[in-house]
Structure formats: structure tokens, C-alpha cells
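Shown next, in C-alpha cells, is the structure this report addresses.
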Amino acid sequence: MTPLRQRMIDDMRLAGFAERTRDVYIQAVRRLAAHYMRSPDVLSEEEVRAYLLHLRDERGIARGTFKTNHGGIRFLYSRTLDRDWPLFSQKKRSRTQEAAAADRALPCRGRRHLGSGAQSDPQDLLSTDVCLWPAHWRGSQG
């Protein structure tokens, strides 16, 4: 076992990953190395990006398979190798997404959707309770 693989396994164990997750992530990194026939620690960000696009577009793997491969490769570069690549950075939420999130957290005039279609007695709840109804239902609450 290479020192890099052992370090990645140790990092995943420290992070509390299940054994099966560790196995899947290691296999994803092994396939990346096999694709380029080089150790993953010497690959560039563009090579990793090209490989991920190859998986998605040329091999046409299923979305779940792609996500686990992406997750394993991201873990290697972000956590084990401590590389701060834009390829694996979180995208900032747009203003529209922020507005939608803020709208979902608005109070619902003392009512709460309970999931079963029932409503609580408005007198039992504070007016600051967070509404769990979708935004498009709120206009008809009265």
C-alpha cells in the first residue's frame, strides 16, 4: 500500500467514514490514477477536471456513481493533499437562492403545517413560529 493511500484511509477513518464509503472512495482514486497511469498527487487540476468530464460525458456513468467518484477524488485533494482548487470549492449561493431561503423562514402568522394536513390551533403557537409550508401556499393563509 502506498503512503498516499494509507494517509487517505487514515484521514477518512478520522473523519468517521464507514468502511464501505472508504472502499468506494479509494476505488475512485485508484481509477483516476489508472486512467493517467500516474500517482494522483502529481496530477494537475485540469487533468482531474478532464477525468471527471470523461466519466460524466464519455463513459456516461450514472449520477450516483459520478457523485461517489467526485466525492472520493474531492476528499483526496481537499482533505488529504490539502489543495485549495476551485474545482472542489463550494459555489456561492445566488441572490435568488438566498431570497428563497429567507422567504422559507418567514413566520406564518402563528400556524404550522404538521405534515399530515392538520393545523395546530393558532392560539397554541407563537406568531414567531417558523412556517413549514412552501412559499406559494402562504398567500392563501388568511
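In the C-alpha cells, the first chain shown is A, the next is B, and so on; residue numbers restart at 1 for each chain, and ligands run from 1 in the order shown.
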
Selection near Ala28 of chain A, 8 Å with only C-alpha atoms, sequence-local residues under 5 positions removed, as a short mmCIF file (atom, residue, chain, number, x, y, z; two decimals) with N, CA and C atoms, in the first residue's frame:
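Saved as around_28.cif:
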```
data_model
loop_
_atom_site.label_atom_id
_atom_site.label_comp_id
_atom_site.auth_asym_id
_atom_site.auth_seq_id
_atom_site.Cartn_x
_atom_site.Cartn_y
_atom_site.Cartn_z
N THR A 68 -20.20 9.66 -6.18
CA THR A 68 -19.27 8.99 -5.27
C THR A 68 -17.83 9.10 -5.78
N ASN A 69 -17.64 9.04 -7.10
CA ASN A 69 -16.30 9.23 -7.65
C ASN A 69 -15.81 10.65 -7.38
N HIS A 70 -16.67 11.61 -7.62
CA HIS A 70 -16.32 13.01 -7.37
C HIS A 70 -16.01 13.22 -5.89
N GLY A 72 -14.92 11.03 -3.65
CA GLY A 72 -13.65 10.42 -3.28
C GLY A 72 -12.45 11.21 -3.76
N ILE A 73 -12.54 11.69 -4.99
CA ILE A 73 -11.45 12.47 -5.56
C ILE A 73 -11.35 13.82 -4.85
#
```

key: Residue nearest Gln27 of chain A - candidates A:Met8, A:Leu81, A:Ala50, A:Ala15, atoms counted: only C-alpha atoms   =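 Among the listed residues, A:Met8 lies closest to Gln27 of chain A.
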
remark   = Among A:Gly64, A:Gln6, A:Glu46, A:Glu58, Trp85 of chain A is approached most closely, using only C-alpha atoms, by A:Glu46

inquiry  = List the spatial neighbours of Arg5 of chain A as a PyMOL selection string - criterion: any atom at most 9 Å away, only C-alpha atoms, same-chain residues fewer than 4 positions off excluded.
reply    = chain A and resi 1+9-10+26+29

Please write the residues from the selection above to a file, keeping C-alpha atoms, as a CSV table (one decimal), in the first residue's frame.
```
chain,number,residue,atom,x,y,z
A,1,MET,CA,0.0,0.0,0.0
A,9,ILE,CA,-7.6,5.9,4.6
A,10,ASP,CA,-6.4,7.3,7.9
A,26,ILE,CA,-10.3,4.5,-2.6
A,29,VAL,CA,-8.9,7.5,-6.7
```
